[in-house]
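model36.cif, holding mmCIF, C-alpha atoms and all ligand atoms:
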```cif
data_protein
#
loop_
_atom_site.label_atom_id
_atom_site.label_comp_id
_atom_site.auth_asym_id
_atom_site.auth_seq_id
_atom_site.Cartn_x
_atom_site.Cartn_y
_atom_site.Cartn_z
CA MET A 700 -6.07 -17.59 12.96
CA ASP A 701 -4.32 -16.71 16.18
CA PHE A 702 -4.63 -13.07 17.02
CA ALA A 703 -6.68 -11.09 19.49
CA TYR A 704 -8.01 -7.58 19.11
CA THR A 705 -6.35 -5.11 21.47
CA ALA A 706 -8.23 -2.52 23.53
CA GLU A 707 -7.16 0.09 20.95
CA ASP A 708 -8.60 -2.07 18.16
CA GLU A 709 -11.92 -2.38 20.00
CA ALA A 710 -11.97 1.38 20.63
CA PHE A 711 -11.31 1.93 16.93
CA ARG A 712 -14.24 -0.36 16.06
CA ASP A 713 -16.54 1.43 18.52
CA GLU A 714 -15.60 4.84 17.16
CA LEU A 715 -16.26 3.70 13.59
CA THR A 716 -19.61 2.05 14.32
CA GLY A 717 -20.66 5.07 16.40
CA TRP A 718 -19.84 7.38 13.51
CA LEU A 719 -21.70 5.19 11.03
CA ASP A 720 -24.76 4.95 13.29
CA GLU A 721 -24.81 8.73 13.47
CA HIS A 722 -24.24 9.54 9.79
CA LEU A 723 -25.17 6.63 7.52
CA PRO A 724 -29.00 6.57 7.93
CA ALA A 725 -29.36 10.26 7.02
CA PHE A 726 -27.04 9.83 4.05
CA LEU A 727 -29.02 6.86 2.74
CA THR A 728 -32.25 8.84 3.06
CA GLU A 729 -30.82 11.80 1.19
CA TRP A 730 -29.02 9.74 -1.47
CA SER A 731 -31.32 6.80 -2.19
CA GLU A 732 -29.98 4.49 -4.91
CA GLU A 733 -31.26 5.72 -8.25
CA GLU A 734 -34.41 4.07 -9.50
CA GLY A 735 -35.15 3.29 -13.15
CA GLY A 736 -32.57 4.11 -15.80
CA ALA A 737 -32.06 2.60 -19.23
CA PRO A 738 -31.80 -1.20 -19.64
CA GLY A 739 -28.22 -2.25 -19.05
CA SER A 740 -27.38 0.96 -17.24
CA GLY A 741 -26.43 1.07 -13.58
CA GLY A 742 -23.29 -0.06 -11.85
CA ILE A 743 -20.43 2.09 -10.76
CA MET A 744 -20.63 4.80 -13.42
CA SER A 745 -24.28 5.73 -12.74
CA GLN A 746 -23.60 6.43 -9.07
CA MET A 747 -20.64 8.78 -9.18
CA GLU A 748 -22.22 11.85 -7.54
CA ARG A 749 -23.58 9.69 -4.71
CA ARG A 750 -20.13 8.13 -4.30
CA ARG A 751 -18.48 11.56 -4.27
CA ALA A 752 -20.87 12.75 -1.55
CA TRP A 753 -20.20 9.62 0.52
CA GLN A 754 -16.41 9.94 0.25
CA ARG A 755 -16.65 13.60 1.29
CA LEU A 756 -18.80 12.71 4.28
CA LEU A 757 -16.34 9.96 5.27
CA ASN A 758 -13.54 12.51 5.01
CA THR A 759 -15.27 14.88 7.45
CA GLY A 760 -14.82 12.14 10.09
CA ARG A 761 -11.32 11.16 8.86
CA TRP A 762 -12.74 7.83 7.72
CA ALA A 763 -11.91 8.09 3.99
CA ALA A 764 -8.25 7.04 4.01
CA ILE A 765 -7.55 5.45 7.37
CA THR A 766 -4.16 3.98 6.44
CA TRP A 767 -2.79 7.37 5.36
CA PRO A 768 -0.63 9.34 7.80
CA ALA A 769 -2.55 11.66 10.12
CA GLU A 770 -0.76 14.71 8.65
CA TRP A 771 -2.42 13.94 5.30
CA GLY A 772 -5.90 13.34 6.71
CA GLY A 773 -5.59 9.65 7.61
CA ARG A 774 -5.38 7.79 10.91
CA ASP A 775 -2.13 5.81 10.57
CA ALA A 776 -4.33 2.70 10.92
CA THR A 777 -2.63 -0.64 11.58
CA VAL A 778 -3.20 -3.73 9.40
CA THR A 779 -5.62 -5.11 12.01
CA GLN A 780 -7.56 -1.83 12.13
CA ASN A 781 -7.77 -1.89 8.36
CA VAL A 782 -9.30 -5.37 8.54
CA ILE A 783 -11.78 -4.15 11.16
CA TYR A 784 -12.63 -1.16 8.95
CA SER A 785 -13.17 -3.36 5.91
CA GLU A 786 -15.42 -5.76 7.85
CA VAL A 787 -17.48 -3.04 9.53
CA MET A 788 -18.02 -1.19 6.24
CA ALA A 789 -19.14 -4.47 4.63
CA ARG A 790 -21.48 -5.26 7.54
CA TYR A 791 -23.10 -1.81 7.29
CA ARG A 792 -23.36 -2.18 3.48
CA THR A 793 -21.93 1.32 3.09
CA PRO A 794 -22.04 3.01 -0.34
CA GLY A 795 -19.00 2.79 -2.62
CA ILE A 796 -16.39 5.52 -2.54
CA TYR A 797 -15.76 7.92 -5.43
CA ASN A 798 -12.19 7.02 -6.23
CA ALA A 799 -10.76 3.73 -4.94
CA ASN A 800 -7.77 4.03 -7.30
CA GLY A 801 -6.91 7.42 -5.85
CA LEU A 802 -7.47 6.56 -2.19
CA TRP A 803 -6.10 3.03 -2.06
CA GLN A 804 -3.31 3.01 -4.62
CA ILE A 805 -2.23 6.33 -6.07
CA GLY A 806 -2.56 8.52 -2.96
CA PRO A 807 -0.33 6.22 -0.86
CA MET A 808 2.24 6.19 -3.65
CA ILE A 809 2.32 9.99 -3.92
CA ILE A 810 2.72 10.16 -0.14
CA ARG A 811 5.53 7.57 -0.35
CA TRP A 812 7.38 8.79 -3.45
CA GLY A 813 6.19 12.33 -4.15
CA THR A 814 8.01 15.59 -3.55
CA ASP A 815 6.49 18.04 -1.05
CA GLU A 816 5.20 20.09 -3.98
CA GLN A 817 3.54 17.03 -5.54
CA LYS A 818 1.91 16.05 -2.26
CA ASP A 819 0.57 19.56 -1.64
CA ARG A 820 -0.76 19.73 -5.15
CA TRP A 821 -2.53 16.37 -5.45
CA ILE A 822 -3.17 14.71 -2.09
CA PRO A 823 -5.95 17.01 -0.75
CA ASN A 824 -7.96 16.68 -3.97
CA ILE A 825 -7.74 12.87 -3.94
CA LEU A 826 -8.93 12.75 -0.35
CA ASN A 827 -11.80 15.16 -0.85
CA ALA A 828 -13.02 13.54 -4.09
CA GLU A 829 -12.33 16.77 -5.97
CA ASP A 830 -10.64 15.06 -8.92
CA HIS A 831 -11.05 11.54 -10.23
CA TRP A 832 -7.89 9.49 -10.82
CA CYS A 833 -7.22 6.42 -12.96
CA GLN A 834 -4.38 3.90 -13.04
CA GLY A 835 -2.85 3.51 -16.50
CA PHE A 836 -0.71 0.37 -16.62
CA SER A 837 -2.09 -2.24 -19.07
CA GLU A 838 -1.37 -2.18 -22.81
CA PRO A 839 -2.51 -4.48 -25.63
CA GLN A 840 0.73 -6.51 -25.26
CA ALA A 841 1.29 -5.89 -21.56
CA GLY A 842 -1.36 -7.25 -19.15
CA SER A 843 -0.21 -10.21 -17.08
CA ASP A 844 3.24 -9.49 -18.49
CA LEU A 845 3.08 -5.85 -17.43
CA ALA A 846 6.82 -5.24 -17.71
CA ASN A 847 6.44 -5.64 -21.48
CA LEU A 848 4.83 -2.18 -21.66
CA ARG A 849 5.95 0.01 -24.56
CA THR A 850 4.26 3.41 -24.37
CA LEU A 851 7.28 5.57 -25.10
CA ALA A 852 8.25 8.72 -23.18
CA VAL A 853 11.15 10.71 -24.64
CA ALA A 854 12.66 13.56 -22.61
CA ASP A 855 12.48 16.89 -24.46
CA GLY A 856 13.42 20.03 -22.50
CA ASP A 857 11.31 20.18 -19.33
CA ASP A 858 8.81 17.66 -20.70
CA TYR A 859 8.42 14.05 -21.78
CA VAL A 860 6.81 13.46 -25.18
CA LEU A 861 4.51 10.41 -25.15
CA ASP A 862 3.48 8.05 -27.94
CA GLY A 863 1.65 4.75 -27.51
CA GLN A 864 -1.51 3.10 -26.24
CA LYS A 865 -3.03 1.92 -22.97
CA ILE A 866 -6.10 -0.29 -22.64
CA TRP A 867 -8.69 -1.38 -20.01
CA ILE A 868 -8.07 1.77 -17.98
CA SER A 869 -10.99 1.99 -15.54
CA SER A 870 -12.88 5.30 -15.49
CA ALA A 871 -10.23 7.15 -17.57
CA HIS A 872 -13.06 9.03 -19.33
CA ILE A 873 -14.11 10.74 -16.11
CA ALA A 874 -10.59 11.09 -14.69
CA LYS A 875 -8.79 14.41 -14.62
CA TRP A 876 -5.53 12.73 -13.57
CA GLY A 877 -3.90 9.33 -13.95
CA LEU A 878 -0.82 7.52 -12.69
CA PHE A 879 0.70 5.95 -15.80
CA LEU A 880 3.64 3.66 -16.42
CA VAL A 881 5.68 4.52 -19.51
CA ARG A 882 8.92 3.32 -21.03
CA THR A 883 11.82 5.75 -20.82
CA ASP A 884 14.49 3.19 -21.82
CA PRO A 885 13.36 1.53 -25.07
CA ASP A 886 16.47 -0.73 -25.23
CA ALA A 887 15.61 -2.50 -21.98
CA ILE A 888 13.15 -5.00 -23.52
CA GLY A 889 15.57 -6.15 -26.24
CA GLU A 890 18.33 -6.46 -23.64
CA LYS A 891 16.11 -8.73 -21.49
CA ARG A 892 15.91 -6.33 -18.54
CA LYS A 893 12.39 -5.17 -19.23
CA HIS A 894 11.62 -4.18 -15.61
CA ASP A 895 14.24 -1.44 -16.01
CA GLY A 896 13.54 1.75 -17.87
CA ILE A 897 9.90 2.03 -16.75
CA THR A 898 8.91 5.39 -15.30
CA ALA A 899 5.79 6.48 -13.38
CA LEU A 900 4.20 9.70 -14.63
CA ILE A 901 1.23 11.64 -13.35
CA ILE A 902 -0.72 12.71 -16.40
CA ASP A 903 -3.37 15.38 -16.94
CA LEU A 904 -5.83 13.54 -19.16
CA GLU A 905 -7.19 16.81 -20.55
CA ALA A 906 -3.80 17.69 -22.14
CA ASP A 907 -3.36 17.90 -25.93
CA GLY A 908 -2.33 14.70 -27.73
CA ILE A 909 -4.34 12.40 -25.43
CA ASP A 910 -7.41 10.62 -26.73
CA VAL A 911 -9.55 8.66 -24.27
CA ARG A 912 -12.01 6.21 -25.87
CA PRO A 913 -14.47 4.32 -23.65
CA ILE A 914 -14.97 0.59 -24.31
CA ARG A 915 -18.44 -0.94 -23.84
CA ASP A 916 -18.15 -3.81 -21.38
CA ILE A 917 -20.02 -7.10 -20.97
CA ALA A 918 -22.65 -5.41 -18.77
CA GLY A 919 -23.38 -2.79 -21.46
CA GLU A 920 -21.66 -0.02 -19.52
CA GLU A 921 -18.74 2.18 -20.44
CA MET A 922 -16.54 1.57 -17.44
CA PHE A 923 -13.03 1.28 -18.89
CA CYS A 924 -11.18 2.89 -21.78
CA GLU A 925 -8.40 2.88 -24.31
CA VAL A 926 -6.03 5.83 -23.93
CA PHE A 927 -3.97 6.94 -26.94
CA PHE A 928 -0.91 9.21 -26.72
CA ASP A 929 0.13 11.05 -29.87
CA GLY A 930 2.98 13.45 -29.08
CA ALA A 931 1.42 14.38 -25.72
CA ARG A 932 3.70 16.56 -23.55
CA VAL A 933 3.92 15.79 -19.84
CA PRO A 934 6.07 17.99 -17.56
CA GLN A 935 9.04 16.15 -16.03
CA ALA A 936 7.90 17.73 -12.77
CA TYR A 937 4.97 15.25 -12.87
CA ARG A 938 7.30 12.23 -12.63
CA LEU A 939 6.72 10.16 -9.48
CA GLY A 940 10.00 8.74 -8.21
CA GLY A 941 13.15 8.74 -10.32
CA GLU A 942 13.43 8.00 -14.03
CA GLY A 943 13.50 4.20 -14.42
CA GLU A 944 12.01 3.60 -10.95
CA GLY A 945 8.45 3.06 -12.19
CA TRP A 946 8.41 -0.68 -11.50
CA MET A 947 9.21 -0.08 -7.84
CA VAL A 948 6.50 2.61 -7.63
CA ALA A 949 3.99 0.32 -9.39
CA MET A 950 4.62 -2.66 -7.18
CA GLY A 951 3.73 -0.45 -4.26
CA THR A 952 0.40 0.42 -5.83
CA LEU A 953 -0.46 -3.17 -6.77
CA GLY A 954 0.41 -4.32 -3.25
CA SER A 955 -2.12 -1.83 -1.91
CA GLU A 956 -4.82 -3.43 -4.07
CA ARG A 957 -4.97 -6.31 -1.59
CA VAL A 958 -5.74 -3.90 1.24
CA GLY A 959 -9.36 -3.78 2.29
CA THR A 960 -10.44 -7.14 0.87
CA ALA A 961 -11.11 -8.63 4.30
CA GLY A 962 -14.71 -7.43 4.20
CA LEU A 963 -15.47 -9.30 0.98
CA ALA A 964 -16.56 -12.47 2.79
CA ILE A 965 -19.01 -10.44 4.87
CA GLY A 966 -20.38 -8.72 1.77
CA MET A 967 -20.78 -12.10 0.08
CA ARG A 968 -22.56 -13.55 3.10
CA ALA A 969 -25.00 -10.63 2.96
CA ASP A 970 -25.50 -11.24 -0.79
CA LEU A 971 -26.21 -14.93 -0.12
CA ASP A 972 -28.72 -14.07 2.61
CA SER A 973 -30.50 -11.51 0.48
CA MET A 974 -30.79 -13.81 -2.56
CA VAL A 975 -32.27 -16.57 -0.38
CA ASN A 976 -34.73 -14.10 1.19
CA LEU A 977 -35.72 -12.76 -2.19
CA ALA A 978 -36.22 -16.29 -3.56
CA ARG A 979 -38.79 -16.89 -0.79
CA SER A 980 -41.06 -14.31 -2.46
CA VAL A 981 -40.22 -14.53 -6.18
CA ASN A 982 -39.31 -18.21 -6.73
CA PRO A 983 -40.03 -20.23 -3.54
CA ALA A 984 -40.06 -23.65 -5.29
CA ALA A 985 -36.31 -23.30 -5.92
CA LEU A 986 -35.67 -23.47 -2.18
CA ASP A 987 -37.12 -27.01 -2.05
CA ASP A 988 -34.84 -28.25 -4.81
CA PRO A 989 -32.17 -30.52 -3.21
CA ASP A 990 -29.54 -29.48 -5.74
CA MET A 991 -30.18 -25.80 -5.02
CA ARG A 992 -30.04 -26.41 -1.26
CA ALA A 993 -26.69 -28.16 -1.65
CA ARG A 994 -25.35 -25.20 -3.67
CA ILE A 995 -26.49 -22.73 -1.00
CA ALA A 996 -24.78 -24.81 1.72
CA ASP A 997 -21.62 -25.10 -0.36
CA ALA A 998 -21.52 -21.33 -0.93
CA HIS A 999 -22.02 -20.74 2.78
CA ILE A 1000 -19.09 -23.04 3.67
CA ARG A 1001 -16.80 -21.45 1.09
CA ILE A 1002 -17.62 -17.96 2.36
CA GLU A 1003 -16.66 -19.03 5.89
CA TYR A 1004 -13.48 -20.60 4.55
CA THR A 1005 -12.60 -17.36 2.72
CA LYS A 1006 -13.06 -15.37 5.92
CA LEU A 1007 -10.77 -17.75 7.84
CA LEU A 1008 -8.20 -17.64 5.04
CA ASN A 1009 -8.08 -13.85 5.37
CA TYR A 1010 -7.65 -14.14 9.13
CA ARG A 1011 -4.80 -16.61 8.69
CA ALA A 1012 -3.09 -14.19 6.29
CA LEU A 1013 -3.52 -11.44 8.88
CA SER A 1014 -2.09 -13.68 11.64
CA LYS A 1015 1.00 -14.27 9.53
CA ILE A 1016 1.44 -10.57 8.76
CA LEU A 1017 1.25 -9.81 12.49
CA ARG A 1018 3.97 -12.40 13.12
CA ASN A 1019 6.10 -10.83 10.36
CA GLU A 1020 5.83 -14.02 8.31
CA LYS A 1021 5.25 -14.25 4.58
CA ASN A 1022 1.56 -14.79 3.93
CA TRP A 1023 2.06 -17.37 1.20
CA PRO A 1024 0.02 -19.04 -0.09
CA GLU A 1025 -2.88 -17.18 1.50
CA VAL A 1026 -2.72 -14.11 -0.76
CA PRO A 1027 -3.04 -15.90 -4.14
CA LEU A 1028 -5.45 -18.44 -2.58
CA ALA A 1029 -7.69 -15.63 -1.33
CA LYS A 1030 -7.70 -14.01 -4.78
CA LEU A 1031 -8.66 -17.34 -6.38
CA GLN A 1032 -11.30 -17.97 -3.76
CA TRP A 1033 -12.77 -14.50 -4.15
CA SER A 1034 -13.10 -14.72 -7.94
CA TYR A 1035 -14.47 -18.28 -7.82
CA LEU A 1036 -17.03 -17.38 -5.16
CA ALA A 1037 -18.08 -14.11 -6.79
CA GLN A 1038 -18.90 -15.95 -10.01
CA THR A 1039 -20.47 -18.96 -8.23
CA LEU A 1040 -22.74 -16.68 -6.17
CA ALA A 1041 -23.83 -14.71 -9.22
CA GLU A 1042 -24.74 -17.94 -11.03
CA LEU A 1043 -26.54 -19.24 -7.95
CA ALA A 1044 -28.56 -15.99 -7.73
CA VAL A 1045 -29.82 -16.29 -11.29
CA ASP A 1046 -30.78 -19.95 -10.81
CA LEU A 1047 -32.41 -19.31 -7.43
CA LEU A 1048 -34.44 -16.29 -8.47
CA GLY A 1049 -35.48 -17.78 -11.79
CA PRO A 1050 -36.98 -15.53 -14.49
CA SER A 1051 -37.20 -12.57 -12.07
CA ALA A 1052 -33.42 -12.25 -12.06
CA LEU A 1053 -33.15 -11.82 -15.81
CA PRO A 1054 -34.72 -8.43 -16.68
CA GLN A 1055 -32.16 -5.63 -16.83
CA ARG A 1056 -32.37 -2.38 -14.93
CA GLY A 1057 -35.29 -0.36 -16.28
CA GLN A 1058 -37.07 -3.34 -17.87
CA PRO A 1059 -40.53 -4.41 -16.63
CA GLY A 1060 -40.41 -6.89 -13.74
CA ALA A 1061 -36.74 -6.29 -12.89
CA VAL A 1062 -36.24 -7.24 -9.23
CA ASP A 1063 -33.76 -5.20 -7.22
CA ASN A 1064 -33.38 -2.82 -10.15
CA GLY A 1065 -31.84 -5.54 -12.35
CA SER A 1066 -28.84 -5.81 -10.06
CA TRP A 1067 -28.72 -9.65 -10.14
CA ASN A 1068 -28.58 -9.69 -13.93
CA ARG A 1069 -25.78 -7.14 -13.85
CA LEU A 1070 -23.91 -9.07 -11.18
CA TYR A 1071 -24.16 -12.25 -13.28
CA VAL A 1072 -22.44 -10.75 -16.31
CA PHE A 1073 -20.09 -8.32 -14.58
CA GLN A 1074 -18.55 -10.83 -12.17
CA ARG A 1075 -16.66 -12.40 -15.08
CA TYR A 1076 -14.06 -9.69 -14.50
CA THR A 1077 -13.06 -11.12 -11.12
CA SER A 1078 -10.96 -13.87 -12.70
CA ILE A 1079 -9.09 -11.29 -14.84
CA GLY A 1080 -8.58 -8.12 -12.78
CA ALA A 1081 -5.93 -7.89 -10.01
CA GLY A 1082 -4.07 -10.91 -11.49
CA THR A 1083 -5.76 -13.58 -13.62
CA THR A 1084 -6.68 -17.01 -12.29
CA GLU A 1085 -3.93 -18.70 -14.31
CA VAL A 1086 -1.30 -16.28 -13.04
CA GLN A 1087 -2.41 -16.84 -9.42
CA LYS A 1088 -2.10 -20.61 -9.97
CA ASN A 1089 1.40 -20.10 -11.39
CA ILE A 1090 2.33 -18.17 -8.24
CA ILE A 1091 1.02 -20.97 -6.01
CA ALA A 1092 2.86 -23.62 -8.03
CA ASP A 1093 6.03 -21.59 -8.12
CA ARG A 1094 6.33 -20.05 -4.67
CA ALA A 1095 4.06 -22.07 -2.36
CA LEU A 1096 4.44 -25.57 -3.84
CA GLN A 1097 7.92 -24.80 -5.21
CA MET A 1098 7.25 -27.02 -8.20
CA GLY A 1099 9.92 -25.37 -10.34
CA ARG A 1100 9.48 -24.06 -13.86
CA ARG A 1101 9.63 -26.16 -16.99
C1 LIG B 1 -12.87 -4.78 -15.16
C2 LIG B 1 -11.41 -4.54 -15.45
C3 LIG B 1 -10.84 -3.34 -15.06
C4 LIG B 1 -9.49 -3.10 -15.34
N1 LIG B 1 -8.96 -1.88 -14.96
C5 LIG B 1 -7.66 -1.62 -15.23
C6 LIG B 1 -7.10 -0.34 -14.88
O1 LIG B 1 -7.76 0.52 -14.31
N2 LIG B 1 -5.80 -0.10 -15.22
C7 LIG B 1 -5.02 -1.03 -15.83
O2 LIG B 1 -3.85 -0.75 -16.07
N3 LIG B 1 -5.53 -2.25 -16.20
C8 LIG B 1 -6.83 -2.56 -15.91
N4 LIG B 1 -7.35 -3.78 -16.26
C9 LIG B 1 -6.54 -4.71 -17.02
C10 LIG B 1 -6.08 -5.91 -16.24
O3 LIG B 1 -5.04 -5.55 -15.36
C11 LIG B 1 -5.63 -6.95 -17.28
O4 LIG B 1 -6.78 -7.36 -17.98
C12 LIG B 1 -4.96 -8.14 -16.63
O5 LIG B 1 -3.71 -7.77 -16.13
C13 LIG B 1 -4.77 -9.29 -17.65
O6 LIG B 1 -4.09 -8.83 -18.77
P1 LIG B 1 -4.67 -9.04 -20.25
O7 LIG B 1 -6.10 -8.64 -20.28
O8 LIG B 1 -3.73 -8.39 -21.19
O9 LIG B 1 -4.65 -10.61 -20.47
P2 LIG B 1 -3.37 -11.49 -20.82
O10 LIG B 1 -2.27 -11.22 -19.85
O11 LIG B 1 -3.06 -11.34 -22.27
O12 LIG B 1 -3.92 -12.93 -20.54
C14 LIG B 1 -4.77 -13.62 -21.47
C15 LIG B 1 -4.96 -15.04 -20.95
O13 LIG B 1 -3.68 -15.70 -20.88
C16 LIG B 1 -3.44 -16.17 -19.57
N5 LIG B 1 -2.01 -16.04 -19.24
C17 LIG B 1 -1.25 -14.93 -19.36
N6 LIG B 1 0.02 -15.17 -18.94
C18 LIG B 1 0.05 -16.47 -18.52
C19 LIG B 1 1.05 -17.31 -17.97
N7 LIG B 1 2.29 -16.86 -17.76
N8 LIG B 1 0.71 -18.59 -17.66
C20 LIG B 1 -0.56 -19.06 -17.86
N9 LIG B 1 -1.56 -18.30 -18.39
C21 LIG B 1 -1.27 -17.02 -18.72
C22 LIG B 1 -4.26 -15.28 -18.66
O14 LIG B 1 -4.57 -15.91 -17.43
C23 LIG B 1 -5.51 -15.05 -19.51
O15 LIG B 1 -6.41 -16.12 -19.38
C24 LIG B 1 -8.70 -4.07 -15.99
C25 LIG B 1 -9.28 -5.28 -16.37
C26 LIG B 1 -10.61 -5.52 -16.10
C27 LIG B 1 -11.22 -6.84 -16.53
#
```

How does this structure look as structure tokens?
Amino acid sequence: MDFAYTAEDEAFRDELTGWLDEHLPAFLTEWSEEEGGAPGSGGIMSQMERRRAWQRLLNTGRWAAITWPAEWGGRDATVTQNVIYSEVMARYRTPGIYNANGLWQIGPMIIRWGTDEQKDRWIPNILNAEDHWCQGFSEPQAGSDLANLRTLAVADGDDYVLDGQKIWISSAHIAKWGLFLVRTDPDAIGEKRKHDGITALIIDLEADGIDVRPIRDIAGEEMFCEVFFDGARVPQAYRLGGEGEGWMVAMGTLGSERVGTAGLAIGMRADLDSMVNLARSVNPAALDDPDMRARIADAHIRIEYTKLLNYRALSKILRNEKNWPEVPLAKLQWSYLAQTLAELAVDLLGPSALPQRGQPGAVDNGSWNRLYVFQRYTSIGAGTTEVQKNIIADRALQMGRR
């Protein structure tokens, strides 16, 4: 790490912390985290109205989408300011926002690729949490190998007619809109140019011919969905970018997924501290166990390492250098640590960590149990562990393919 915060960066930090000091306590009093609920319930889907209220409050201070241009309600924040934002929000343990897909990925893409009419139509509602948005990329045969996607869109008059299936689409069942990737050139796969002929479409999920079916996940929640298209008509006016330019549009959105992860190490440090504090009251003997103490120390060191890795990536970005291999390393480190911490929590807290939300004796509303099962996703989402290792071998170690 070799960067210093400028006076503008420090002023940005002060303005943000001042705003949070003024608004967050009252919000938390008004919107306490829901108590009770059915066993296995909880998580993101049970908190949507609270999240909507928080995003709207953030937006009143222009703190919802800081990297967006000022003319669209953002602050034109720099990469460094975005890191500061992410760290401060993690330190204050702020509530989640209503629509990360919309704010972090789809909104920036509409601003980048959309026509004036498209921007006017969709951007204000994303910012103000009016409509929920999902990102519809994955298919049963197109996950890591996303360019293999086959949901077909055939031009017909002013519309495209869609047939095919998407899967694992987060929150599609509560989304009004989605940014989907579809195939407009079906010959491209056979001709070994599968990245061509993919088009990005904005889709109204309430339209005829679209069937959204929630999938029950490992935590017992319905968080993601299958989406089936059976002759669904989508206006060509809803196309984002040109026909066949969907891969370019999508790479922009996936790149944005990395934005805002700098605060993860701070959030994890807070999780580690709170599980150790909780163990003092519910399972104190565990804290005398040498093996457990070594695991706590190891987690602490790895969290610090993750923070420094993020700073090194930022230093490289500021020097206009490629931040290899920090980006795939940080993803690997994040998923490893998230799962390690969740396992540590259950072992540290003992039987108290096991009851689910709503069951007798559940500490912290069953959140440690939920964390334990749900964190499995971190080695799959945003690029699987194996794919990250391939990237490191290929681009950082330059080992060559066999
Ligand atoms: C919680 C969650 C939310 C999600 N939300 C969304 C969403 O909103 N929208 C969306 O479009 N998708 C979403 N996804 C899907 C996610 O993007 C895919 O699961 C991911 O891309 C992996 O694809 P896959 O599941 O098809 O697995 P596959 O790609 O089939 O991989 C299966 C296994 O094979 C391994 N593998 C694959 N290719 C290689 C290779 N070349 N070398 C070595 N090993 C390999 C993988 O690492 C993995 O272990 C979500 C997934 C999860 C878990």

Query raised in the report: What is the CA of Pro1059 in chain A-CA of Tyr791 in chain A distance in Å, reported with one decimal?
Result: 29.7 Å

Query raised in the report: Given the choices A:Gly1065, A:Gly919, A:Gly795, A:Gly1082, which gets closest to ligand LIG 1 (chain B) if the distance is worked out from only C-alpha atoms and all ligand atoms?
Result: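 Residue with the minimum atom-to-atom distance to ligand LIG 1 (chain B): A:Gly1082.
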
Report task. Find the residues with any atom within 9 Å of (-8.5, -0.7, 7.4); use only C-alpha atoms and the coordinates as given in the file, and write the answer as a VMD selection string. Result -> chain A and resid 764 to 766 776 to 786 958 to 959 961

Report task. Write out as an NGL selection string which residues come within 7 Å of Asn1068 in chain A when counting all atoms listed in the file, dropping same-chain ones fewer than 5 positions away. Result -> :A and (1052-1055)

Prev. selection, C-alpha atoms, output as a PDB file, keeping the file's coordinate frame:
```pdb
ATOM      1  CA  ALA A1052     -33.420 -12.250 -12.060  1.00  0.00           C
ATOM      2  CA  LEU A1053     -33.150 -11.820 -15.810  1.00  0.00           C
ATOM      3  CA  PRO A1054     -34.720  -8.430 -16.680  1.00  0.00           C
ATOM      4  CA  GLN A1055     -32.160  -5.630 -16.830  1.00  0.00           C
TER       5      GLN A1055
END
```

Determine the axis-aligned bounding box of all atoms of ligand LIG 1 (chain B) present in the file, pad each side by 3 Å, and express its centre and edge lengths in Å to one decimal place as lines of an AutoDock Vina configuration file.
```
center_x = -5.3
center_y = -9.3
center_z = -18.3
size_x = 21.2
size_y = 25.6
size_z = 14.0
```

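Minimum atom-to-atom distances from A:Asp855, A:Glu838, A:Asp815, A:Glu920 to ligand LIG 1 (chain B) were compared using all atoms listed in the file, and the lowest value belongs to A:Glu838.
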
Requested in this report: Determine, counting all atoms listed in the file, every residue of protein, DNA or RNA that lies within 8 Å of (-9.2, 12.1, 0.3) in the file coordinates, then give the result as a PyMOL selection string.
Outcome: chain A and resi 754-755+758+763-764+772+802+822-828
